[in-house]
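> Coordinates in upload-v3.pdb, PDB, C-alpha atoms and all ligand atoms, are listed below.
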ATOM      1  CA  MET U   1      29.871  31.969  31.286
ATOM      2  CA  THR U   2      26.344  31.407  29.960
ATOM      3  CA  GLY U   3      24.332  28.358  31.107
ATOM      4  CA  THR U   4      24.904  26.548  27.820
ATOM      5  CA  ALA U   5      28.617  27.400  27.689
ATOM      6  CA  LYS U   6      28.947  26.177  31.277
ATOM      7  CA  SER U   7      27.190  22.913  30.487
ATOM      8  CA  HIS U   8      29.657  22.400  27.615
ATOM      9  CA  ALA U   9      32.637  22.824  29.937
ATOM     10  CA  LYS U  10      34.545  19.626  30.713
ATOM     11  CA  GLY U  11      33.652  17.968  34.020
ATOM     12  CA  PHE U  12      30.779  20.403  34.637
ATOM     13  CA  LYS U  13      28.270  19.053  37.181
ATOM     14  CA  PRO U  14      25.168  21.252  37.288
ATOM     15  CA  GLU U  15      23.402  21.905  40.602
ATOM     16  CA  ALA U  16      20.482  19.573  41.268
ATOM     17  CA  LYS U  17      17.179  21.180  40.230
ATOM     18  CA  LYS U  18      14.441  20.626  42.743
ATOM     19  CA  HIS U  19      11.581  21.325  40.323
ATOM     20  CA  LEU U  20      12.858  18.499  38.085
ATOM     21  CA  GLY U  21      12.989  16.062  41.003
ATOM     22  CA  GLN U  22      16.768  15.735  40.677
ATOM     23  CA  HIS U  23      18.342  13.403  43.239
ATOM     24  CA  PHE U  24      21.437  11.874  41.686
ATOM     25  CA  LEU U  25      22.422   8.334  42.663
ATOM     26  CA  HIS U  26      26.017   7.939  43.819
ATOM     27  CA  ASP U  27      25.967   4.638  45.767
ATOM     28  CA  GLN U  28      27.859   2.187  43.529
ATOM     29  CA  GLY U  29      26.374  -0.826  45.333
ATOM     30  CA  ILE U  30      22.819   0.320  44.593
ATOM     31  CA  ILE U  31      23.721   1.197  40.995
ATOM     32  CA  SER U  32      25.112  -2.352  40.496
ATOM     33  CA  MET U  33      21.958  -3.843  42.007
ATOM     34  CA  ILE U  34      19.832  -1.895  39.514
ATOM     35  CA  VAL U  35      21.958  -3.004  36.550
ATOM     36  CA  GLN U  36      21.792  -6.608  37.794
ATOM     37  CA  ALA U  37      18.010  -6.372  38.217
ATOM     38  CA  VAL U  38      17.638  -5.101  34.633
ATOM     39  CA  ASP U  39      20.091  -7.779  33.433
ATOM     40  CA  PRO U  40      20.182  -6.649  29.775
ATOM     41  CA  LYS U  41      20.401  -9.394  27.164
ATOM     42  CA  PRO U  42      21.732  -9.096  23.591
ATOM     43  CA  GLY U  43      19.123  -7.513  21.351
ATOM     44  CA  ASP U  44      17.216  -5.787  24.197
ATOM     45  CA  ARG U  45      16.136  -2.219  23.445
ATOM     46  CA  LEU U  46      16.780  -0.277  26.647
ATOM     47  CA  VAL U  47      15.272   3.160  27.217
ATOM     48  CA  GLU U  48      16.139   5.150  30.337
ATOM     49  CA  ILE U  49      13.874   7.920  31.630
ATOM     50  CA  GLY U  50      15.712  10.806  33.333
ATOM     51  CA  PRO U  51      19.382   9.767  32.988
ATOM     52  CA  GLY U  52      20.565  12.860  34.907
ATOM     53  CA  GLN U  53      24.360  12.802  35.164
ATOM     54  CA  GLY U  54      24.557   9.211  33.926
ATOM     55  CA  ALA U  55      24.719   7.294  37.237
ATOM     56  CA  ILE U  56      22.779   4.323  35.801
ATOM     57  CA  THR U  57      23.294   5.235  32.127
ATOM     58  CA  PHE U  58      27.031   4.677  31.913
ATOM     59  CA  PRO U  59      27.103   1.323  33.785
ATOM     60  CA  LEU U  60      24.198   0.136  31.601
ATOM     61  CA  LEU U  61      26.108   1.248  28.504
ATOM     62  CA  ASP U  62      29.246  -0.586  29.724
ATOM     63  CA  ARG U  63      27.140  -3.715  30.024
ATOM     64  CA  HIS U  64      24.920  -3.408  26.958
ATOM     65  CA  GLY U  65      26.741  -1.143  24.482
ATOM     66  CA  GLU U  66      23.713   0.891  23.434
ATOM     67  CA  LEU U  67      20.938   2.802  25.094
ATOM     68  CA  THR U  68      18.311   5.476  24.434
ATOM     69  CA  VAL U  69      17.691   8.099  27.129
ATOM     70  CA  ILE U  70      14.950  10.703  27.560
ATOM     71  CA  GLU U  71      16.029  13.792  29.531
ATOM     72  CA  PHE U  72      14.193  17.090  29.973
ATOM     73  CA  ASP U  73      16.986  19.202  31.495
ATOM     74  CA  ARG U  74      18.879  20.895  28.668
ATOM     75  CA  ASP U  75      21.922  21.495  30.886
ATOM     76  CA  LEU U  76      22.438  17.728  31.104
ATOM     77  CA  ILE U  77      22.203  16.896  27.396
ATOM     78  CA  PHE U  78      25.745  17.813  26.352
ATOM     79  CA  PRO U  79      27.512  16.314  29.410
ATOM     80  CA  LEU U  80      25.551  13.087  28.878
ATOM     81  CA  SER U  81      26.430  12.784  25.194
ATOM     82  CA  GLU U  82      30.081  13.605  25.886
ATOM     83  CA  GLY U  83      30.331  11.343  28.919
ATOM     84  CA  ALA U  84      28.797   8.427  27.031
ATOM     85  CA  ARG U  85      31.530   8.334  24.380
ATOM     86  CA  ALA U  86      33.789   6.215  26.556
ATOM     87  CA  HIS U  87      31.011   3.726  27.299
ATOM     88  CA  GLY U  88      28.977   2.982  24.178
ATOM     89  CA  THR U  89      26.352   4.318  21.785
ATOM     90  CA  LEU U  90      23.899   6.696  23.418
ATOM     91  CA  GLU U  91      20.822   8.169  21.725
ATOM     92  CA  VAL U  92      19.672  11.213  23.678
ATOM     93  CA  ILE U  93      16.066  12.390  23.322
ATOM     94  CA  HIS U  94      15.748  15.881  24.782
ATOM     95  CA  ARG U  95      12.045  15.899  25.672
ATOM     96  CA  ASP U  96       9.499  15.777  28.461
ATOM     97  CA  VAL U  97       8.966  12.013  28.812
ATOM     98  CA  LEU U  98       5.192  12.547  29.036
ATOM     99  CA  THR U  99       5.234  13.702  25.399
ATOM    100  CA  VAL U 100       7.198  10.698  24.154
ATOM    101  CA  ASP U 101       5.129   8.110  22.275
ATOM    102  CA  PHE U 102       6.679   4.841  23.520
ATOM    103  CA  SER U 103       4.807   2.814  20.884
ATOM    104  CA  ALA U 104       6.322   4.914  18.098
ATOM    105  CA  LEU U 105       9.731   4.665  19.793
ATOM    106  CA  ALA U 106       9.395   0.881  19.984
ATOM    107  CA  ASN U 107       8.387   0.712  16.314
ATOM    108  CA  GLU U 108       7.404  -2.972  16.595
ATOM    109  CA  SER U 109      10.460  -3.922  18.638
ATOM    110  CA  PRO U 110       9.291  -3.663  22.260
ATOM    111  CA  ILE U 111      11.368  -1.635  24.681
ATOM    112  CA  ARG U 112      12.558  -2.141  28.255
ATOM    113  CA  LEU U 113      12.128   0.985  30.397
ATOM    114  CA  VAL U 114      14.489   1.909  33.222
ATOM    115  CA  GLY U 115      14.594   4.994  35.414
ATOM    116  CA  ASN U 116      15.252   6.649  38.721
ATOM    117  CA  LEU U 117      12.123   8.713  38.216
ATOM    118  CA  PRO U 118      11.457  12.321  39.266
ATOM    119  CA  TYR U 119       9.153  11.584  42.231
ATOM    120  CA  ASN U 120       6.855  14.547  41.523
ATOM    121  CA  LEU U 121       5.918  12.916  38.202
ATOM    122  CA  SER U 122       5.915   9.258  39.152
ATOM    123  CA  SER U 123       2.166   8.534  38.799
ATOM    124  CA  PRO U 124       1.808  10.367  35.450
ATOM    125  CA  ILE U 125       4.879   8.530  34.104
ATOM    126  CA  LEU U 126       3.558   5.150  35.300
ATOM    127  CA  PHE U 127       0.164   5.720  33.659
ATOM    128  CA  HIS U 128       1.745   7.121  30.513
ATOM    129  CA  ALA U 129       3.821   3.929  30.263
ATOM    130  CA  LEU U 130       0.717   1.781  30.802
ATOM    131  CA  ASP U 131      -0.966   3.510  27.847
ATOM    132  CA  HIS U 132       1.824   1.956  25.766
ATOM    133  CA  ALA U 133       2.027  -1.361  27.654
ATOM    134  CA  GLY U 134       1.808  -3.365  24.414
ATOM    135  CA  SER U 135       5.165  -1.906  23.342
ATOM    136  CA  ILE U 136       6.928  -2.451  26.675
ATOM    137  CA  VAL U 137       8.631  -5.685  27.783
ATOM    138  CA  ASP U 138       9.207  -4.554  31.357
ATOM    139  CA  MET U 139       9.990  -1.561  33.553
ATOM    140  CA  HIS U 140      12.478  -1.084  36.387
ATOM    141  CA  PHE U 141      11.827   2.113  38.297
ATOM    142  CA  MET U 142      13.161   3.795  41.426
ATOM    143  CA  LEU U 143      10.284   5.476  43.258
ATOM    144  CA  GLN U 144       9.349   6.571  46.750
ATOM    145  CA  LYS U 145       9.156   3.450  48.912
ATOM    146  CA  GLU U 146       5.694   4.453  50.085
ATOM    147  CA  VAL U 147       4.507   4.491  46.449
ATOM    148  CA  VAL U 148       6.106   1.103  45.690
ATOM    149  CA  ASP U 149       4.414  -0.359  48.793
ATOM    150  CA  ARG U 150       1.029   0.868  47.507
ATOM    151  CA  MET U 151       1.723  -0.357  43.958
ATOM    152  CA  ALA U 152       2.560  -3.897  45.097
ATOM    153  CA  ALA U 153      -0.004  -4.265  47.933
ATOM    154  CA  GLY U 154      -2.697  -6.965  47.862
ATOM    155  CA  PRO U 155      -6.244  -7.081  49.282
ATOM    156  CA  GLY U 156      -6.377  -6.787  53.056
ATOM    157  CA  SER U 157      -3.273  -4.603  53.240
ATOM    158  CA  LYS U 158      -3.729  -1.136  54.733
ATOM    159  CA  VAL U 159      -2.057   0.380  51.666
ATOM    160  CA  TYR U 160      -4.007  -1.615  49.040
ATOM    161  CA  GLY U 161      -5.903   0.996  47.054
ATOM    162  CA  ARG U 162      -6.648   2.568  43.734
ATOM    163  CA  LEU U 163      -3.013   2.675  42.614
ATOM    164  CA  SER U 164      -2.547  -1.047  43.435
ATOM    165  CA  VAL U 165      -5.636  -2.088  41.463
ATOM    166  CA  MET U 166      -5.072   0.222  38.494
ATOM    167  CA  LEU U 167      -1.481  -0.975  38.026
ATOM    168  CA  GLN U 168      -1.938  -4.669  38.873
ATOM    169  CA  ALA U 169      -4.835  -4.914  36.389
ATOM    170  CA  TYR U 170      -2.319  -4.214  33.625
ATOM    171  CA  CYS U 171       1.013  -5.455  35.030
ATOM    172  CA  GLN U 172       2.701  -7.791  37.417
ATOM    173  CA  VAL U 173       4.218  -5.526  40.089
ATOM    174  CA  ILE U 174       7.233  -6.780  42.057
ATOM    175  CA  ALA U 175       8.938  -4.688  44.761
ATOM    176  CA  LEU U 176      12.667  -5.522  44.512
ATOM    177  CA  PHE U 177      14.701  -3.664  47.158
ATOM    178  CA  ASP U 178      14.724  -0.539  49.313
ATOM    179  CA  VAL U 179      17.169   2.359  48.936
ATOM    180  CA  PRO U 180      18.025   4.799  51.755
ATOM    181  CA  PRO U 181      18.184   8.604  51.239
ATOM    182  CA  GLY U 182      21.995   8.580  51.638
ATOM    183  CA  ALA U 183      22.355   6.815  48.264
ATOM    184  CA  PHE U 184      21.461  10.099  46.488
ATOM    185  CA  ARG U 185      22.853  13.637  46.212
ATOM    186  CA  PRO U 186      21.068  15.603  47.464
ATOM    187  CA  PRO U 187      19.299  13.037  49.670
ATOM    188  CA  PRO U 188      15.493  12.991  49.332
ATOM    189  CA  LYS U 189      13.407  13.316  52.507
ATOM    190  CA  VAL U 190      11.926   9.829  52.050
ATOM    191  CA  ASP U 191      13.063   6.233  51.577
ATOM    192  CA  SER U 192      13.052   4.883  48.037
ATOM    193  CA  ALA U 193      12.592   1.461  46.466
ATOM    194  CA  VAL U 194      13.126  -0.240  43.124
ATOM    195  CA  VAL U 195      10.141  -1.932  41.494
ATOM    196  CA  ARG U 196       9.816  -4.228  38.466
ATOM    197  CA  MET U 197       6.645  -4.085  36.369
ATOM    198  CA  ILE U 198       5.870  -6.620  33.654
ATOM    199  CA  PRO U 199       2.824  -5.813  31.479
ATOM    200  CA  HIS U 200       0.301  -8.656  31.207
ATOM    201  CA  PRO U 201      -0.384 -10.001  27.720
ATOM    202  CA  PRO U 202      -3.553  -8.284  26.332
ATOM    203  CA  GLN U 203      -5.647 -11.479  26.593
ATOM    204  CA  LYS U 204      -4.875 -11.709  30.323
ATOM    205  CA  ILE U 205      -5.995  -8.135  31.051
ATOM    206  CA  GLY U 206      -9.567  -8.763  29.844
ATOM    207  CA  ILE U 207     -10.943  -5.278  30.635
ATOM    208  CA  ASP U 208     -13.789  -4.514  28.201
ATOM    209  CA  ASP U 209     -13.921  -0.761  28.873
ATOM    210  CA  ARG U 210     -10.833   0.825  30.443
ATOM    211  CA  ALA U 211     -12.561   4.105  31.307
ATOM    212  CA  LEU U 212     -15.466   2.350  33.021
ATOM    213  CA  PHE U 213     -13.044   0.132  34.940
ATOM    214  CA  ALA U 214     -11.172   3.273  36.077
ATOM    215  CA  ARG U 215     -14.447   4.825  37.263
ATOM    216  CA  VAL U 216     -15.510   1.744  39.240
ATOM    217  CA  VAL U 217     -12.109   1.534  40.964
ATOM    218  CA  ARG U 218     -12.044   5.270  41.682
ATOM    219  CA  ASP U 219     -15.496   5.323  43.261
ATOM    220  CA  ALA U 220     -14.946   2.072  45.180
ATOM    221  CA  PHE U 221     -11.845   3.507  46.887
ATOM    222  CA  GLY U 222     -13.198   7.064  47.029
ATOM    223  CA  GLN U 223     -14.695   6.201  50.396
ATOM    224  CA  ARG U 224     -12.726   3.124  51.367
ATOM    225  CA  ARG U 225     -14.461   2.607  54.732
ATOM    226  CA  LYS U 226     -17.860   2.305  53.023
ATOM    227  CA  THR U 227     -19.369  -0.908  51.696
ATOM    228  CA  LEU U 228     -19.284  -1.372  47.921
ATOM    229  CA  ARG U 229     -23.074  -0.874  47.855
ATOM    230  CA  ASN U 230     -22.656   2.652  49.276
ATOM    231  CA  ALA U 231     -19.367   3.594  47.622
ATOM    232  CA  LEU U 232     -20.698   2.618  44.172
ATOM    233  CA  SER U 233     -24.193   4.066  44.638
ATOM    234  CA  ARG U 234     -23.620   6.640  41.843
ATOM    235  CA  ILE U 235     -22.827   3.798  39.443
ATOM    236  CA  CYS U 236     -25.075   0.839  40.268
ATOM    237  CA  GLU U 237     -27.409  -0.933  42.705
ATOM    238  CA  GLY U 238     -26.312  -3.561  45.210
ATOM    239  CA  THR U 239     -28.146  -6.163  43.100
ATOM    240  CA  ALA U 240     -25.816  -5.452  40.180
ATOM    241  CA  ILE U 241     -22.768  -5.950  42.423
ATOM    242  CA  GLU U 242     -24.236  -9.271  43.567
ATOM    243  CA  ALA U 243     -25.077 -10.317  39.990
ATOM    244  CA  ALA U 244     -21.438  -9.687  39.054
ATOM    245  CA  GLY U 245     -20.405 -12.164  41.757
ATOM    246  CA  LEU U 246     -19.258  -9.752  44.516
ATOM    247  CA  ARG U 247     -20.665  -9.110  47.989
ATOM    248  CA  PRO U 248     -22.300  -5.643  48.182
ATOM    249  CA  ASP U 249     -21.416  -5.423  51.898
ATOM    250  CA  ALA U 250     -17.683  -5.976  51.247
ATOM    251  CA  ARG U 251     -15.264  -3.021  51.254
ATOM    252  CA  ALA U 252     -13.039  -2.097  48.315
ATOM    253  CA  GLU U 253      -9.895  -2.955  50.275
ATOM    254  CA  GLN U 254     -11.049  -6.616  50.395
ATOM    255  CA  ILE U 255     -11.719  -7.007  46.666
ATOM    256  CA  GLU U 256      -9.261  -8.791  44.330
ATOM    257  CA  VAL U 257      -8.176  -7.049  41.116
ATOM    258  CA  ALA U 258      -9.893  -9.774  39.019
ATOM    259  CA  ASP U 259     -13.189  -9.078  40.821
ATOM    260  CA  PHE U 260     -12.989  -5.355  40.000
ATOM    261  CA  VAL U 261     -12.488  -6.377  36.361
ATOM    262  CA  ALA U 262     -15.478  -8.769  36.569
ATOM    263  CA  LEU U 263     -17.684  -6.042  38.054
ATOM    264  CA  ALA U 264     -16.738  -3.434  35.434
ATOM    265  CA  ASN U 265     -17.245  -5.962  32.626
ATOM    266  CA  TRP U 266     -20.641  -6.993  34.043
ATOM    267  CA  LEU U 267     -21.722  -3.344  34.194
ATOM    268  CA  LYS U 268     -20.489  -2.790  30.642
ATOM    269  CA  ALA U 269     -22.549  -5.738  29.395
ATOM    270  CA  ASN U 270     -25.671  -5.291  31.504
ATOM    271  CA  ALA U 271     -26.096  -1.722  32.727
ATOM    272  CA  GLN U 272     -26.140   1.782  31.328
ATOM    273  CA  VAL U 273     -23.142   3.292  33.106
ATOM    274  CA  GLU U 274     -21.111   6.205  31.873
ATOM    275  CA  ALA U 275     -17.377   5.690  31.731
ATOM    276  CA  ASP U 276     -14.952   7.857  33.677
ATOM    277  CA  THR U 277     -15.840  11.509  33.238
ATOM    278  CA  GLY U 278     -12.403  12.694  32.291
ATOM    279  CA  GLU U 279     -10.574  12.649  35.594
ATOM    280  CA  ASP U 280      -7.226  11.143  34.769
ATOM    281  CA  ALA U 281      -6.671   7.731  36.298
ATOM    282  CA  ALA U 282      -3.248   8.984  37.346
ATOM    283  CA  ASP U 283      -4.727  11.594  39.697
ATOM    284  CA  ASN U 284      -5.071  10.883  43.383
ATOM    285  CA  THR U 285      -4.253   7.253  42.978
ATOM    286  CA  ASP U 286      -4.280   6.521  46.681
TER     287      ASP U 286
HETATM  288  N1  LIG L   1      19.091   8.793  36.668
HETATM  289  C1  LIG L   1      19.795   9.819  37.414
HETATM  290  C2  LIG L   1      20.350   9.235  38.686
HETATM  291  O1  LIG L   1      19.885   8.151  39.073
HETATM  292  O2  LIG L   1      21.237   9.852  39.266
HETATM  293  C3  LIG L   1      18.887  11.022  37.721
HETATM  294  C4  LIG L   1      17.601  10.702  38.458
HETATM  295  S1  LIG L   1      16.708  12.110  39.011
HETATM  296  C5  LIG L   1      15.806  11.396  40.350
HETATM  297  C6  LIG L   1      15.393  12.319  37.807
HETATM  298  C7  LIG L   1      15.827  12.735  36.402
HETATM  299  O3  LIG L   1      14.655  12.920  35.597
HETATM  300  C8  LIG L   1      16.582  14.059  36.342
HETATM  301  O4  LIG L   1      17.703  13.921  35.506
HETATM  302  C9  LIG L   1      15.577  15.053  35.739
HETATM  303  O5  LIG L   1      16.181  16.118  35.034
HETATM  304  C10 LIG L   1      14.789  14.128  34.833
HETATM  305  N2  LIG L   1      13.436  14.624  34.544
HETATM  306  C11 LIG L   1      12.607  15.346  35.330
HETATM  307  N3  LIG L   1      11.448  15.594  34.724
HETATM  308  C12 LIG L   1      11.527  14.985  33.493
HETATM  309  C13 LIG L   1      10.637  14.874  32.393
HETATM  310  N4  LIG L   1       9.415  15.416  32.429
HETATM  311  N5  LIG L   1      11.044  14.184  31.304
HETATM  312  C14 LIG L   1      12.284  13.612  31.258
HETATM  313  N6  LIG L   1      13.166  13.691  32.275
HETATM  314  C15 LIG L   1      12.795  14.357  33.379
END
Represent the structure from my file as structure tokens, please.
Ligand code: SAM

Amino acid sequence: MTGTAKSHAKGFKPEAKKHLGQHFLHDQGIISMIVQAVDPKPGDRLVEIGPGQGAITFPLLDRHGELTVIEFDRDLIFPLSEGARAHGTLEVIHRDVLTVDFSALANESPIRLVGNLPYNLSSPILFHALDHAGSIVDMHFMLQKEVVDRMAAGPGSKVYGRLSVMLQAYCQVIALFDVPPGAFRPPPKVDSAVVRMIPHPPQKIGIDDRALFARVVRDAFGQRRKTLRNALSRICEGTAIEAAGLRPDARAEQIEVADFVALANWLKANAQVEADTGEDAADNTD
């Protein structure tokens, strides 16, 4: 049988593909906890990233009646569409999620994103979603626990870093619960966790130049043991840091998100600083 013919066969469960980060959830308790955390309400527009074999998709459909999913693996498209018939109305978008324009998908009716994400793509997917934050009500994602810990960390924590600041500047980040490897087939090598992200309203974000903000945060954490004065020496003098209301002898790991925003905005208004030079904010967000 060819691959496509096989994937059209009834009850066909394709092998998990490592390069697509496939770890399929099978723990019904965890699946219920995710559906409860999402808690869909009438009128919500739910969009799931990476539905796989439907572990979260079908229970969400049972609860909500309709759902859009974005799946890259062509072998899963037919089984998903077929399997969904008994549960509700499923729109399947067969695409790489990084090429999906969430704002166009929302089309003025903001969406709620859900997904047990492929861990190899988690940072790019998070930053892609943030580019469309104005069209997103909230996000519920399963990620590596270590990544969720960094996303939700505050100043003073050992894991507070670039990822924490870049995400918390745009969203409220709430770690919900941990998930052990045994909840998936095949089990990943690491623990996982579910996180909720709620984009801030635009007026609360208050970043005047996103690229400059990204550069300040990147350099500040580039050498996290250094003082801000030294870590930011390619961008500004210690006097500028002081004028923006921060202590030049503090370290990045002690600085609140709002103070990074204040510093970037001060530099935008008062100094000639080039914005980020093209390195994607999603890279090396540690
Ligand atoms: N939601 C399912 C579950 O919980 O059992 C599957 C989760 S699995 C960790 C990640 C899913 O994302 C897989 O179905 C995989 O094929 C899909 N995927 C991987 N890369 C993708 C991409 N670039 N765009 C869309 N889906 C992708």
> Starting from the PyMOL selection byres (((not hetatm)) within 8 of (chain L and resi 1)), expand the selection into actual residues of this file and give them as a PDB file with C-alpha atoms, in the coordinates of the input.

ATOM      1  CA  LYS U  17      17.179  21.180  40.230  1.00  0.00           C
ATOM      2  CA  HIS U  19      11.581  21.325  40.323  1.00  0.00           C
ATOM      3  CA  LEU U  20      12.858  18.499  38.085  1.00  0.00           C
ATOM      4  CA  GLY U  21      12.989  16.062  41.003  1.00  0.00           C
ATOM      5  CA  GLN U  22      16.768  15.735  40.677  1.00  0.00           C
ATOM      6  CA  HIS U  23      18.342  13.403  43.239  1.00  0.00           C
ATOM      7  CA  PHE U  24      21.437  11.874  41.686  1.00  0.00           C
ATOM      8  CA  LEU U  25      22.422   8.334  42.663  1.00  0.00           C
ATOM      9  CA  HIS U  26      26.017   7.939  43.819  1.00  0.00           C
ATOM     10  CA  GLU U  48      16.139   5.150  30.337  1.00  0.00           C
ATOM     11  CA  ILE U  49      13.874   7.920  31.630  1.00  0.00           C
ATOM     12  CA  GLY U  50      15.712  10.806  33.333  1.00  0.00           C
ATOM     13  CA  PRO U  51      19.382   9.767  32.988  1.00  0.00           C
ATOM     14  CA  GLY U  52      20.565  12.860  34.907  1.00  0.00           C
ATOM     15  CA  GLN U  53      24.360  12.802  35.164  1.00  0.00           C
ATOM     16  CA  GLY U  54      24.557   9.211  33.926  1.00  0.00           C
ATOM     17  CA  ALA U  55      24.719   7.294  37.237  1.00  0.00           C
ATOM     18  CA  ILE U  56      22.779   4.323  35.801  1.00  0.00           C
ATOM     19  CA  THR U  57      23.294   5.235  32.127  1.00  0.00           C
ATOM     20  CA  ILE U  70      14.950  10.703  27.560  1.00  0.00           C
ATOM     21  CA  GLU U  71      16.029  13.792  29.531  1.00  0.00           C
ATOM     22  CA  PHE U  72      14.193  17.090  29.973  1.00  0.00           C
ATOM     23  CA  ASP U  73      16.986  19.202  31.495  1.00  0.00           C
ATOM     24  CA  LEU U  76      22.438  17.728  31.104  1.00  0.00           C
ATOM     25  CA  HIS U  94      15.748  15.881  24.782  1.00  0.00           C
ATOM     26  CA  ARG U  95      12.045  15.899  25.672  1.00  0.00           C
ATOM     27  CA  ASP U  96       9.499  15.777  28.461  1.00  0.00           C
ATOM     28  CA  VAL U  97       8.966  12.013  28.812  1.00  0.00           C
ATOM     29  CA  LEU U  98       5.192  12.547  29.036  1.00  0.00           C
ATOM     30  CA  GLY U 115      14.594   4.994  35.414  1.00  0.00           C
ATOM     31  CA  ASN U 116      15.252   6.649  38.721  1.00  0.00           C
ATOM     32  CA  LEU U 117      12.123   8.713  38.216  1.00  0.00           C
ATOM     33  CA  PRO U 118      11.457  12.321  39.266  1.00  0.00           C
ATOM     34  CA  TYR U 119       9.153  11.584  42.231  1.00  0.00           C
ATOM     35  CA  LEU U 121       5.918  12.916  38.202  1.00  0.00           C
ATOM     36  CA  PHE U 184      21.461  10.099  46.488  1.00  0.00           C
TER      37      PHE U 184
END
> When the PyMOL selection byres (((chain U and resi 141) around 6) and not hetatm) is applied to the file above, which residues end up in the set, as a PyMOL selection string?
chain U and resi 114-116+140+142+194-195
> Might you pull out every residue within 9 Å of Asp101 (chain U), with all atoms listed in the file counted and same-chain residues fewer than 4 positions away left off, and present them as a count of residues only?
5
> Pick the closest to Ala269 (chain U) from U:Met139, U:Val257, U:Val217, U:Leu212: which is it, counting all atoms listed in the file?
U:Leu212
> Using all atoms listed in the file for the distances, tell me which of U:Leu60, U:Val47, U:Ile207, U:Val190 is nearest to Val261 (chain U).
U:Ile207
> So which one's closest to Phe127 (chain U), U:Arg215, U:Val147, U:Leu163, U:Pro110? Using only C-alpha atoms, please.
U:Leu163
> Could you tell me how far CA of Ile31 (chain U) sits from CA of Leu46 (chain U), in Å to one decimal place?
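A separation of 16.0 Å between them.
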> One decimal, in Å: what's the spacing between CA of Leu228 (chain U) and CA of Ala169 (chain U)?
18.8 Å
> Using the structure block above, produce a file of region 98-102 of chain U that contains all heavy atoms, as a tab-separated table (two decimals), in the first residue's frame.

chain	number	residue	atom	x	y	z
U	98	LEU	N	3.98	27.93	10.89
U	98	LEU	CA	4.76	29.18	10.83
U	98	LEU	C	4.43	30.00	9.59
U	98	LEU	O	4.82	31.16	9.49
U	98	LEU	CB	6.26	28.87	10.89
U	98	LEU	CG	6.73	28.22	12.19
U	98	LEU	CD1	8.21	27.87	12.12
U	98	LEU	CD2	6.46	29.14	13.39
U	99	THR	N	3.70	29.40	8.65
U	99	THR	CA	3.30	30.15	7.45
U	99	THR	C	1.83	30.59	7.53
U	99	THR	O	1.31	31.15	6.57
U	99	THR	CB	3.48	29.31	6.17
U	99	THR	OG1	2.52	28.23	6.20
U	99	THR	CG2	4.89	28.74	6.06
U	100	VAL	N	1.20	30.29	8.65
U	100	VAL	CA	-0.22	30.66	8.78
U	100	VAL	C	-0.33	32.07	9.39
U	100	VAL	O	0.25	32.35	10.44
U	100	VAL	CB	-0.99	29.65	9.66
U	100	VAL	CG1	-2.42	30.11	9.91
U	100	VAL	CG2	-0.99	28.28	8.99
U	101	ASP	N	-1.06	32.94	8.70
U	101	ASP	CA	-1.26	34.31	9.17
U	101	ASP	C	-2.47	34.30	10.12
U	101	ASP	O	-3.63	34.27	9.69
U	101	ASP	CB	-1.53	35.20	7.94
U	101	ASP	CG	-1.78	36.64	8.33
U	101	ASP	OD1	-2.15	36.91	9.48
U	101	ASP	OD2	-1.63	37.50	7.43
U	102	PHE	N	-2.17	34.30	11.45
U	102	PHE	CA	-3.26	34.19	12.43
U	102	PHE	C	-4.21	35.38	12.35
U	102	PHE	O	-5.40	35.25	12.63
U	102	PHE	CB	-2.70	34.08	13.85
U	102	PHE	CG	-1.97	32.79	14.12
U	102	PHE	CD1	-0.67	32.79	14.62
U	102	PHE	CD2	-2.58	31.56	13.91
U	102	PHE	CE1	0.01	31.61	14.88
U	102	PHE	CE2	-1.92	30.37	14.16
U	102	PHE	CZ	-0.62	30.40	14.65
